[in-house]
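Visitor: Supplied structure: work.txt, compact mmCIF, C-alpha atoms (C1' of nucleotides).
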# COMPACT_ATOMS: atom_id res chain seq x y z
CA MET A 864 102.79 100.19 69.41
CA SER A 865 105.35 99.62 72.12
CA THR A 866 108.32 97.28 71.99
CA LYS A 867 108.97 97.49 75.68
CA ALA A 868 106.64 99.38 77.97
CA ALA A 869 108.34 100.32 81.21
CA THR A 870 105.03 101.72 82.36
CA PRO A 871 101.99 100.06 80.73
CA GLU A 872 100.46 103.44 80.42
CA LYS A 873 97.16 103.53 78.73
CA ARG A 874 94.83 100.65 79.22
CA SER A 875 93.80 98.33 81.94
CA ALA A 876 95.35 96.13 84.61
CA ARG A 877 97.14 98.24 87.11
CA GLU A 878 94.75 101.01 86.13
CA ARG A 879 91.79 99.00 87.32
CA LEU A 880 93.52 98.48 90.64
CA LEU A 881 94.17 102.16 91.06
CA THR A 882 90.57 102.95 90.22
CA ALA A 883 89.27 100.44 92.72
CA ALA A 884 91.71 101.67 95.35
CA GLU A 885 90.62 105.22 94.73
CA GLU A 886 86.96 104.35 95.19
CA LEU A 887 87.36 102.16 98.24
CA PHE A 888 90.20 103.88 100.06
CA TYR A 889 88.64 107.27 99.58
CA GLY A 890 85.11 106.10 100.17
CA GLU A 891 85.61 103.97 103.25
CA GLY A 892 89.09 104.61 104.59
CA ILE A 893 92.49 103.13 104.06
CA ASN A 894 92.65 100.85 107.04
CA THR A 895 89.14 99.51 106.87
CA VAL A 896 89.43 98.29 103.29
CA GLY A 897 91.29 95.05 102.71
CA ILE A 898 93.21 93.78 99.73
CA ASP A 899 90.52 91.24 98.91
CA ARG A 900 87.83 93.85 98.44
CA ILE A 901 90.08 95.80 96.12
CA ILE A 902 90.95 92.93 93.84
CA GLU A 903 87.33 91.86 93.81
CA ARG A 904 86.16 95.26 92.64
CA ALA A 905 89.01 95.60 90.18
CA GLY A 906 88.37 92.12 88.81
CA VAL A 907 92.06 91.34 89.17
CA ALA A 908 93.94 88.38 90.59
CA LYS A 909 95.73 88.82 93.85
CA ALA A 910 98.98 87.77 92.24
CA SER A 911 98.63 90.58 89.72
CA LEU A 912 98.28 93.13 92.47
CA TYR A 913 101.49 91.97 94.07
CA ASP A 914 103.19 91.97 90.69
CA CYS A 915 102.27 95.59 90.00
CA PHE A 916 102.68 97.01 93.48
CA GLY A 917 104.72 94.98 95.92
CA SER A 918 102.60 95.66 98.98
CA LYS A 919 99.48 97.34 100.25
CA GLU A 920 101.65 100.16 101.51
CA GLU A 921 102.85 100.84 97.99
CA LEU A 922 99.31 100.66 96.62
CA ILE A 923 98.28 103.28 99.13
CA ARG A 924 101.22 105.44 98.16
CA SER A 925 100.33 105.13 94.49
CA TYR A 926 96.70 105.94 95.15
CA LEU A 927 97.65 109.11 96.97
CA SER A 928 100.20 110.00 94.34
CA ALA A 929 97.55 109.69 91.64
CA ARG A 930 95.22 111.89 93.67
CA HIS A 931 97.96 114.44 93.99
CA GLU A 932 98.59 114.57 90.28
CA SER A 933 94.92 114.81 89.43
CA ARG A 934 94.40 117.70 91.82
CA GLN A 935 97.45 119.44 90.45
CA LYS A 936 96.14 119.03 86.93
CA ARG A 937 92.60 120.07 87.79
CA ILE A 938 93.77 123.27 89.42
CA THR A 939 96.41 124.29 86.88
CA GLU A 940 94.03 123.58 84.03
CA GLY A 941 91.21 125.39 85.76
CA LEU A 942 93.31 128.43 86.50
CA LYS A 943 93.85 129.10 82.80
CA ARG A 944 90.35 130.55 82.70
CA PHE A 945 91.44 133.39 84.93
CA ALA A 946 93.42 136.33 83.67
CA THR A 947 95.09 138.24 86.47
CA PRO A 948 97.00 136.78 89.41
CA ARG A 949 94.42 138.23 91.74
CA GLU A 950 91.64 136.40 89.95
CA LYS A 951 93.68 133.23 89.95
CA LEU A 952 94.16 133.51 93.69
CA LEU A 953 90.42 133.44 94.22
CA GLY A 954 90.02 131.14 91.27
CA VAL A 955 91.49 128.32 93.31
CA PHE A 956 88.45 128.59 95.55
CA ASP A 957 86.09 128.79 92.59
CA ILE A 958 87.55 125.56 91.29
CA GLN A 959 87.13 123.96 94.66
CA VAL A 960 83.53 125.09 94.89
CA GLU A 961 82.85 123.02 91.81
CA THR A 962 84.80 120.04 93.06
CA PHE A 963 83.15 120.06 96.46
CA ARG A 964 79.71 120.40 95.02
CA SER A 965 80.15 117.67 92.44
CA ASN A 966 79.56 114.00 93.07
CA ASN A 967 80.66 112.37 96.25
CA PHE A 968 83.17 114.66 97.83
CA ARG A 969 84.13 113.52 101.28
CA GLY A 970 86.85 115.89 102.33
CA CYS A 971 90.45 116.23 101.31
CA PRO A 972 91.93 112.77 100.73
CA PHE A 973 95.27 113.86 102.12
CA VAL A 974 93.81 115.08 105.36
CA ARG A 975 91.91 111.85 105.72
CA ALA A 976 94.95 109.76 104.92
CA SER A 977 97.09 111.74 107.34
CA ALA A 978 94.70 110.77 110.08
CA GLU A 979 95.16 107.08 109.29
CA VAL A 980 98.74 106.39 108.31
CA LYS A 981 101.89 106.46 110.37
CA PRO A 982 103.73 109.80 110.41
CA GLU A 983 106.93 108.32 109.00
CA SER A 984 105.26 106.37 106.20
CA ALA A 985 105.75 106.98 102.50
CA ALA A 986 102.05 107.72 102.25
CA LYS A 987 102.37 110.60 104.68
CA ALA A 988 105.25 111.95 102.60
CA VAL A 989 102.95 112.16 99.58
CA CYS A 990 100.36 114.01 101.66
CA ASP A 991 103.01 116.47 102.75
CA GLU A 992 104.19 116.94 99.21
CA SER A 993 100.71 117.68 97.97
CA ARG A 994 100.09 120.09 100.79
CA GLY A 995 103.39 121.79 100.05
CA TRP A 996 102.36 122.20 96.47
CA MET A 997 99.16 123.98 97.49
CA ARG A 998 101.09 126.26 99.77
CA THR A 999 103.62 127.28 97.14
CA LEU A 1000 100.82 127.71 94.63
CA PHE A 1001 99.15 130.23 96.91
CA THR A 1002 102.47 131.85 97.70
CA ASP A 1003 103.52 132.21 94.08
CA LEU A 1004 100.17 133.60 93.00
CA ALA A 1005 100.25 136.05 95.88
CA LYS A 1006 103.70 137.24 94.85
CA GLU A 1007 102.61 137.65 91.25
CA ALA A 1008 99.65 139.63 92.45
CA GLY A 1009 102.05 141.99 94.15
CA VAL A 1010 100.94 141.23 97.65
CA ARG A 1011 102.97 142.55 100.55
CA ASP A 1012 103.28 139.46 102.75
CA ALA A 1013 102.83 136.67 100.27
CA VAL A 1014 103.78 133.95 102.73
CA THR A 1015 101.40 135.22 105.37
CA LEU A 1016 98.53 135.52 102.96
CA ALA A 1017 99.22 132.06 101.58
CA GLU A 1018 99.11 130.61 105.06
CA LYS A 1019 95.73 132.15 105.68
CA LEU A 1020 94.31 131.01 102.38
CA LEU A 1021 95.51 127.50 103.07
CA LEU A 1022 93.75 127.72 106.41
CA LEU A 1023 90.49 128.54 104.67
CA TYR A 1024 91.00 125.84 102.09
CA ASP A 1025 91.52 123.23 104.80
CA GLY A 1026 88.62 124.47 106.85
CA ALA A 1027 86.31 124.06 103.89
CA ALA A 1028 87.59 120.54 103.36
CA VAL A 1029 86.86 119.63 106.96
CA ALA A 1030 83.35 121.00 106.66
CA ALA A 1031 82.87 118.81 103.59
CA LEU A 1032 84.08 115.82 105.57
CA MET A 1033 82.03 116.32 108.70
CA ASP A 1034 78.86 118.07 107.72
CA LYS A 1035 77.88 117.74 104.12
CA SER A 1036 77.56 121.46 103.89
CA LYS A 1037 78.29 122.95 100.49
CA ALA A 1038 77.99 126.45 101.91
CA ALA A 1039 81.28 126.22 103.75
CA VAL A 1040 83.52 126.49 100.73
CA ALA A 1041 81.55 129.49 99.52
CA SER A 1042 82.11 131.13 102.89
CA ALA A 1043 85.78 130.33 102.55
CA ARG A 1044 85.84 132.12 99.24
CA GLU A 1045 84.21 135.18 100.76
CA VAL A 1046 86.79 135.40 103.50
CA ALA A 1047 89.54 134.77 100.99
CA GLU A 1048 88.34 137.67 98.89
CA MET A 1049 88.38 139.90 101.92
CA LEU A 1050 91.91 138.87 102.75
CA VAL A 1051 93.23 139.36 99.25
CA GLU A 1052 91.64 142.77 99.04
CA LYS A 1053 93.18 143.77 102.32
CA HIS A 1054 96.65 142.51 101.45
CA LEU A 1055 96.55 144.44 98.20
CA SER A 1056 95.82 147.51 100.35
CA MET B 50 81.46 104.74 151.03
CA SER B 51 79.06 103.54 148.42
CA THR B 52 76.40 100.93 148.88
CA LYS B 53 75.81 100.57 145.19
CA ALA B 54 77.88 102.44 142.69
CA ALA B 55 76.13 102.58 139.37
CA THR B 56 79.14 104.38 137.99
CA PRO B 57 82.42 103.68 139.84
CA GLU B 58 83.28 107.27 139.41
CA LYS B 59 86.51 108.32 140.89
CA ARG B 60 89.33 105.86 140.84
CA SER B 61 90.66 103.27 138.55
CA ALA B 62 89.52 100.40 136.37
CA ARG B 63 87.40 101.76 133.59
CA GLU B 64 89.27 105.00 134.02
CA ARG B 65 92.55 103.35 133.19
CA LEU B 66 91.00 101.93 130.05
CA LEU B 67 89.74 105.30 128.95
CA THR B 68 93.13 106.83 129.59
CA ALA B 69 94.88 104.16 127.57
CA ALA B 70 92.31 104.46 124.80
CA GLU B 71 92.79 108.19 124.74
CA GLU B 72 96.55 107.89 124.41
CA LEU B 73 96.56 105.14 121.81
CA PHE B 74 93.50 105.99 119.74
CA TYR B 75 94.46 109.63 119.57
CA GLY B 76 98.15 108.98 119.17
CA GLU B 77 98.06 106.28 116.54
CA GLY B 78 94.57 106.04 115.15
CA ILE B 79 91.43 104.14 115.99
CA ASN B 80 91.72 101.36 113.47
CA THR B 81 95.41 100.68 113.83
CA VAL B 82 95.28 100.13 117.58
CA GLY B 83 93.99 96.77 118.77
CA ILE B 84 92.27 95.76 121.96
CA ASP B 85 95.33 93.91 123.20
CA ARG B 86 97.52 96.99 123.16
CA ILE B 87 94.94 98.93 125.09
CA ILE B 88 94.52 96.41 127.89
CA GLU B 89 98.26 96.00 128.07
CA ARG B 90 98.82 99.71 128.56
CA ALA B 91 95.90 100.01 130.95
CA GLY B 92 97.08 97.01 132.95
CA VAL B 93 93.60 95.55 132.80
CA ALA B 94 92.29 92.11 131.98
CA LYS B 95 90.52 91.62 128.69
CA ALA B 96 87.45 90.34 130.50
CA SER B 97 87.28 93.59 132.46
CA LEU B 98 87.24 95.62 129.28
CA TYR B 99 84.31 93.66 127.96
CA ASP B 100 82.56 93.99 131.31
CA CYS B 101 82.86 97.78 131.31
CA PHE B 102 82.29 98.43 127.63
CA GLY B 103 80.67 95.67 125.64
CA SER B 104 82.68 96.12 122.47
CA LYS B 105 85.49 98.06 120.88
CA GLU B 106 82.88 100.19 119.16
CA GLU B 107 81.52 101.30 122.51
CA LEU B 108 85.02 101.98 123.84
CA ILE B 109 85.63 104.24 120.87
CA ARG B 110 82.36 106.00 121.48
CA SER B 111 83.22 106.52 125.14
CA TYR B 112 86.68 107.79 124.28
CA LEU B 113 85.22 110.39 121.94
CA SER B 114 82.52 111.29 124.40
CA ALA B 115 85.14 111.92 127.06
CA ARG B 116 87.11 114.07 124.63
CA HIS B 117 83.98 116.03 123.88
CA GLU B 118 83.28 116.73 127.53
CA SER B 119 86.84 117.73 128.26
CA ARG B 120 86.92 120.18 125.37
CA GLN B 121 83.60 121.60 126.44
CA LYS B 122 84.91 122.06 129.96
CA ARG B 123 88.24 123.50 128.89
CA ILE B 124 86.59 126.12 126.71
CA THR B 125 83.76 127.13 129.05
CA GLU B 126 86.18 127.36 131.96
CA GLY B 127 88.70 129.29 129.91
CA LEU B 128 86.14 131.75 128.64
CA LYS B 129 85.44 132.98 132.17
CA ARG B 130 88.62 134.97 131.95
CA PHE B 131 87.13 137.15 129.27
CA ALA B 132 84.66 139.89 130.00
CA THR B 133 82.74 140.94 126.91
CA PRO B 134 81.16 138.67 124.31
CA ARG B 135 83.49 140.11 121.72
CA GLU B 136 86.51 139.12 123.77
CA LYS B 137 85.03 135.69 124.37
CA LEU B 138 84.57 135.21 120.65
CA LEU B 139 88.27 135.66 120.08
CA GLY B 140 89.00 134.04 123.41
CA VAL B 141 88.06 130.68 121.92
CA PHE B 142 91.04 131.05 119.63
CA ASP B 143 93.28 132.16 122.47
CA ILE B 144 92.37 129.03 124.37
CA GLN B 145 93.09 126.93 121.32
CA VAL B 146 96.45 128.59 120.85
CA GLU B 147 97.43 127.24 124.25
CA THR B 148 96.02 123.80 123.57
CA PHE B 149 97.69 123.50 120.20
CA ARG B 150 101.01 124.67 121.50
CA SER B 151 101.00 122.41 124.53
CA ASN B 152 102.19 118.82 124.56
CA ASN B 153 101.44 116.47 121.74
CA PHE B 154 98.60 118.00 119.83
CA ARG B 155 97.88 116.13 116.66
CA GLY B 156 94.81 117.77 115.26
CA CYS B 157 91.18 117.68 116.27
CA PRO B 158 90.31 114.19 117.49
CA PHE B 159 86.85 114.43 115.97
CA VAL B 160 88.14 115.26 112.53
CA ARG B 161 90.56 112.38 112.74
CA ALA B 162 87.89 110.01 113.97
CA SER B 163 85.49 111.12 111.25
CA ALA B 164 88.05 110.06 108.70
CA GLU B 165 88.22 106.56 110.17
CA VAL B 166 84.78 105.48 111.31
CA LYS B 167 81.69 104.66 109.32
CA PRO B 168 79.32 107.56 108.68
CA GLU B 169 76.39 105.83 110.40
CA SER B 170 78.31 104.76 113.49
CA ALA B 171 77.68 105.94 117.02
CA ALA B 172 81.21 107.33 117.07
CA LYS B 173 80.43 109.62 114.16
CA ALA B 174 77.35 110.84 116.00
CA VAL B 175 79.54 111.96 118.90
CA CYS B 176 81.80 113.81 116.47
CA ASP B 177 78.80 115.55 115.00
CA GLU B 178 77.50 116.45 118.42
CA SER B 179 80.79 117.99 119.44
CA ARG B 180 81.04 119.92 116.22
CA GLY B 181 77.50 121.13 116.67
CA TRP B 182 78.40 122.37 120.11
CA MET B 183 81.27 124.43 118.73
CA ARG B 184 79.03 125.92 116.09
CA THR B 185 76.33 126.96 118.54
CA LEU B 186 78.98 128.30 120.89
CA PHE B 187 80.24 130.60 118.17
CA THR B 188 76.70 131.49 117.15
CA ASP B 189 75.56 132.33 120.66
CA LEU B 190 78.62 134.41 121.41
CA ALA B 191 78.18 136.25 118.14
CA LYS B 192 74.56 137.02 118.99
CA GLU B 193 75.50 138.25 122.44
CA ALA B 194 78.12 140.46 120.86
CA GLY B 195 75.38 142.02 118.80
CA VAL B 196 76.67 140.84 115.47
CA ARG B 197 74.52 141.25 112.40
CA ASP B 198 74.74 137.81 110.81
CA ALA B 199 75.60 135.62 113.76
CA VAL B 200 75.15 132.37 111.84
CA THR B 201 77.31 133.53 108.98
CA LEU B 202 80.08 134.74 111.25
CA ALA B 203 79.94 131.52 113.25
CA GLU B 204 80.33 129.51 110.07
CA LYS B 205 83.43 131.44 109.13
CA LEU B 206 84.96 131.18 112.57
CA LEU B 207 84.38 127.43 112.55
CA LEU B 208 86.11 127.34 109.20
CA LEU B 209 89.17 128.99 110.71
CA TYR B 210 89.09 126.75 113.73
CA ASP B 211 89.04 123.64 111.57
CA GLY B 212 91.73 124.95 109.28
CA ALA B 213 94.03 125.48 112.22
CA ALA B 214 93.34 121.94 113.41
CA VAL B 215 94.26 120.54 110.02
CA ALA B 216 97.49 122.49 110.02
CA ALA B 217 98.28 121.01 113.42
CA LEU B 218 97.62 117.55 112.04
CA MET B 219 99.60 117.81 108.84
CA ASP B 220 102.42 120.21 109.45
CA LYS B 221 103.36 120.69 113.03
CA SER B 222 103.06 124.40 112.59
CA LYS B 223 102.09 126.35 115.68
CA ALA B 224 101.81 129.52 113.62
CA ALA B 225 98.62 128.44 111.90
CA VAL B 226 96.32 128.87 114.85
CA ALA B 227 97.76 132.32 115.46
CA SER B 228 96.99 133.22 111.86
CA ALA B 229 93.49 131.90 112.40
CA ARG B 230 93.10 134.23 115.34
CA GLU B 231 94.22 137.18 113.25
CA VAL B 232 91.68 136.47 110.56
CA ALA B 233 89.02 135.88 113.19
CA GLU B 234 89.70 139.26 114.69
CA MET B 235 89.34 140.87 111.32
CA LEU B 236 86.04 139.13 110.75
CA VAL B 237 84.60 140.02 114.12
CA GLU B 238 85.60 143.63 113.67
CA LYS B 239 83.97 143.74 110.30
CA HIS B 240 80.75 142.12 111.43
CA LEU B 241 80.48 144.60 114.28
CA SER B 242 80.75 147.29 111.60
C1' DT C 608 105.62 77.42 66.08
C1' DC C 609 107.10 78.65 70.20
C1' DG C 610 108.41 81.18 74.04
C1' DA C 611 107.82 85.21 76.92
C1' DG C 612 105.00 88.10 79.43
C1' DA C 613 100.70 89.53 81.28
C1' DC C 614 97.08 87.94 83.72
C1' DC C 615 93.88 84.74 86.35
C1' DA C 616 92.04 81.38 90.04
C1' DG C 617 92.49 80.15 94.40
C1' DA C 618 94.82 77.44 98.08
C1' DC C 619 97.81 78.31 101.76
C1' DA C 620 100.66 80.25 105.66
C1' DG C 621 101.15 83.12 109.41
C1' DA C 622 99.89 87.01 111.85
C1' DT C 623 96.47 89.68 114.14
C1' DC C 624 92.03 91.04 115.52
C1' DT C 625 87.60 90.90 118.24
C1' DG C 626 85.12 88.64 121.48
C1' DT C 627 84.07 84.55 124.83
C1' DC C 628 84.86 81.60 128.50
C1' DT C 629 86.85 79.39 132.57
C1' DG C 630 88.59 79.88 136.82
C1' DG C 631 90.88 82.29 140.30
C1' DT C 632 91.99 86.33 143.85
C1' DC C 633 90.75 89.90 146.86
C1' DG C 634 88.11 93.36 149.53
C1' DT C 635 83.94 94.77 151.61
C1' DG C 636 79.36 94.98 153.58
C1' DT C 637 75.97 92.36 156.01
C1' DA D 764 81.47 83.91 157.95
C1' DC D 765 80.26 84.39 153.68
C1' DA D 766 78.43 85.92 149.52
C1' DC D 767 78.98 89.11 146.03
C1' DG D 768 81.01 92.15 142.98
C1' DA D 769 85.11 93.86 140.90
C1' DC D 770 89.03 92.47 138.90
C1' DC D 771 92.81 89.41 136.87
C1' DA D 772 95.25 85.80 133.83
C1' DG D 773 95.18 83.77 129.76
C1' DA D 774 93.49 80.05 126.70
C1' DC D 775 90.48 79.66 122.97
C1' DA D 776 87.41 80.26 118.79
C1' DG D 777 86.51 82.30 114.59
C1' DA D 778 87.11 85.83 111.44
C1' DT D 779 90.05 88.60 108.61
C1' DC D 780 94.18 90.42 106.87
C1' DT D 781 98.60 90.55 104.18
C1' DG D 782 101.50 88.21 101.38
C1' DT D 783 103.27 83.80 98.82
C1' DC D 784 103.03 80.17 95.76
C1' DT D 785 101.45 76.91 92.21
C1' DG D 786 99.75 76.34 88.04
C1' DG D 787 96.85 77.47 84.22
C1' DT D 788 95.16 80.56 80.06
C1' DC D 789 95.72 83.82 76.51
C1' DT D 790 98.09 86.95 73.30
C1' DC D 791 101.59 88.49 70.53
C1' DG D 792 105.92 89.08 68.35
C1' DA D 793 110.07 86.71 66.41
Turn this file's structure into structure tokens for me.
Guide:
Amino acid sequence: MSTKAATPEKRSARERLLTAAEELFYGEGINTVGIDRIIERAGVAKASLYDCFGSKEELIRSYLSARHESRQKRITEGLKRFATPREKLLGVFDIQVETFRSNNFRGCPFVRASAEVKPESAAKAVCDESRGWMRTLFTDLAKEAGVRDAVTLAEKLLLLYDGAAVAALMDKSKAAVASAREVAEMLVEKHLS
Amino acid sequence: MSTKAATPEKRSARERLLTAAEELFYGEGINTVGIDRIIERAGVAKASLYDCFGSKEELIRSYLSARHESRQKRITEGLKRFATPREKLLGVFDIQVETFRSNNFRGCPFVRASAEVKPESAAKAVCDESRGWMRTLFTDLAKEAGVRDAVTLAEKLLLLYDGAAVAALMDKSKAAVASAREVAEMLVEKHLS
DNA sequence: TCGAGACCAGACAGATCTGTCTGGTCGTGT
DNA sequence: ACACGACCAGACAGATCTGTCTGGTCTCGA
């Protein structure tokens, strides 16, 4: 199937580690979870972890990177349902309503990670990248919708998005993201004059 | 001056510890900062720390509790400037604009702590308490202003407040909280029909 | 058949963390 | 004068954490 796999893409090994890291880092926090708990849950030898990733730092970075890609995919896939740019703009919130409501959502992983890692770390860079992607997504959709101040509107929508994530982290309110959507709708309507 | 001081209120000892904890916990994170760094910065013996607070857990709780009281004070004091309930409602954001802009603001300490501590910990309870206080503050002010759905408006204002805090944590944008104020004004206006 | 690569099991080193304990200094009120 | 309480200095124990290293097993392609 593969003569030389630069990235052992499909099956298990490094995948199991990323899954375990996802569950534990996201569930309990990056700094409170040790390497030993991760390899135990993954059913992987410690040596294998340090073969795949060279350090915990890099495992963290990879975990966040995977989260970033999955959110990207979830949103871009989900947005195909919506026809007009205006619907897409609010569609981002609709998609998030589902995500927040589903299983064990505990707030935006990038916000949580940003509170734990050092500002100059590679992990923080991934958080910034993912946040930047959200911002440009909102900005681009706003432009396509023919909004006057696309950047301003995007900033405000991001504000609502983050606020809903915080509510999901601190209370376990599901209503917050719905409120965010309401306000977002109001804003979009207003910016389209 | 004092025959028996249950709480050695004014000067230094425990105060220095709380100051150091404030600087380090807030500046670098709760889990990444160890006891040794705190007593070093405070210039206090380790034994003294464990006399005052019995554990790191309790020091964290006290740090958050102090933060809660200072925010409470800052906002209630600041709101005296404003005359009508409607002005007070937006005044909360004005006060936060100043706070965010000032020195080294790195996002809401309670959001950051919530991302690090265990959900059933005493520290998390303080975070919840402080958040509850903000929510009832908004709700009460909204009621006094004669708003129709005070609870709904309060929820949305809290959303904006949190969103601005996240922006302060992740970017170092000062513009976000100003945007939050703009949206808040729009909301208040609308709810006052 | 054999050799390479992926993986496992776990001991080990060294750092760091929380918390305890001993023993000492100093100021103050009685 | 003295006892007591607040504080200091730092050794120490025990746990835990990251990261390394040795050596063994299994599979698969040449």
Visitor: Counting all atoms listed in the file, which residues come within 12 Å of (86.2, 104.4, 122.2), with the point read in the file's coordinates, and could you list them as a VMD selection string?
Guide: chain B and resid 63 66 to 75 78 to 80 82 to 84 87 98 101 to 117 158 to 159 162 166 170 to 173 175 to 176
Visitor: In Å to one decimal, how far is atom CA of B:Thr148 from atom CA of A:Ala1041?
Guide: 28.6 Å
Visitor: Which residues come within 7 Å of stretch 1001-1012 of chain A, counting all atoms listed in the file, excluding same-chain residues fewer than 4 positions away, as a PyMOL selection string?
Guide: chain A and resi 948-949+952+997+1016-1017+1054-1055
Visitor: Identify every residue of chain C that has at least one atom within 8 Å of any atom of chain A, counting all atoms listed in the file, and report the result as a PyMOL selection string.
Guide: chain C and resi 614-616
Visitor: Compare B:Cys157, B:Val237, B:Leu209, B:Ala91 by their minimum atom-to-atom distance to chain A, counting all atoms listed in the file, and give me the closest one.
Guide: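 Distance minimum relative to chain A lands on B:Leu209.
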Visitor: Distance atom CA of B:Ile88-atom C1' of C:DG626, one decimal place?
Guide: 13.8 Å
Visitor: Kindly give the distance, in Å, that separates atom CA of A:Asp957 and atom CA of A:Leu1022, rounded to a single decimal.
Guide: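 Separation between atom CA of A:Asp957 and atom CA of A:Leu1022: 15.8 Å.
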Visitor: Determine the axis-aligned bounding box of all atoms of stretch 780-789 of chain D present in the file, pad each side by 6 Å, and express its centre and edge lengths in Å to one decimal place as AutoDock Vina command-line options.
Guide:
--center_x 98.7 --center_y 83.4 --center_z 91.7 --size_x 21.1 --size_y 26.2 --size_z 42.4
Visitor: Select, from A:Trp996, A:Glu891, A:Glu903, A:Thr939, the residue with the minimum atom-to-atom distance to chain B, counting all atoms listed in the file.
Guide: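 Of the candidates, the smallest distance to chain B is held by A:Glu891.
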Visitor: Can I get the residues of chain D within 9 Å of chain B, each with the closest pair of atoms and their distance in Å to one decimal, using all atoms listed in the file, sorted chain first then ascending number, as a Markdown table?
Guide:
| residue | atom | partner | partner_atom | distance |
| --- | --- | --- | --- | --- |
| D:DA769 | C1' | B:Ser97 | CA | 8.7 |
| D:DC770 | C1' | B:Ser97 | CA | 6.8 |
| D:DC771 | C1' | B:Ala94 | CA | 5.6 |
| D:DA772 | C1' | B:Ala94 | CA | 7.2 |
Visitor: Write out, as a CSV table (one decimal), keeping the file's coordinate frame, the residues just selected, with C-alpha atoms (C1' of nucleotides).
Guide:
chain,number,residue,atom,x,y,z
D,769,DA,C1',85.1,93.9,140.9
D,770,DC,C1',89.0,92.5,138.9
D,771,DC,C1',92.8,89.4,136.9
D,772,DA,C1',95.2,85.8,133.8
Visitor: Closest to chain B among A:Phe963, A:Tyr1024, A:Tyr913, A:Phe968, using only C-alpha atoms?
Guide: A:Tyr1024
Visitor: Set the cut-off to 7 Å and count only C-alpha atoms: what are the residues of chain A that reach chain B? Output as an MDAnalysis selection string.
Guide: chainID A and resid 892 894 975 977:979 1019 1022:1023 1025:1027 1029 1033 1042
Visitor: So, with all atoms listed in the file as the atoms that count, which of D:DG768, D:DG777, D:DG786, D:DG792 lies closest to C:DA618?
Guide: D:DG786
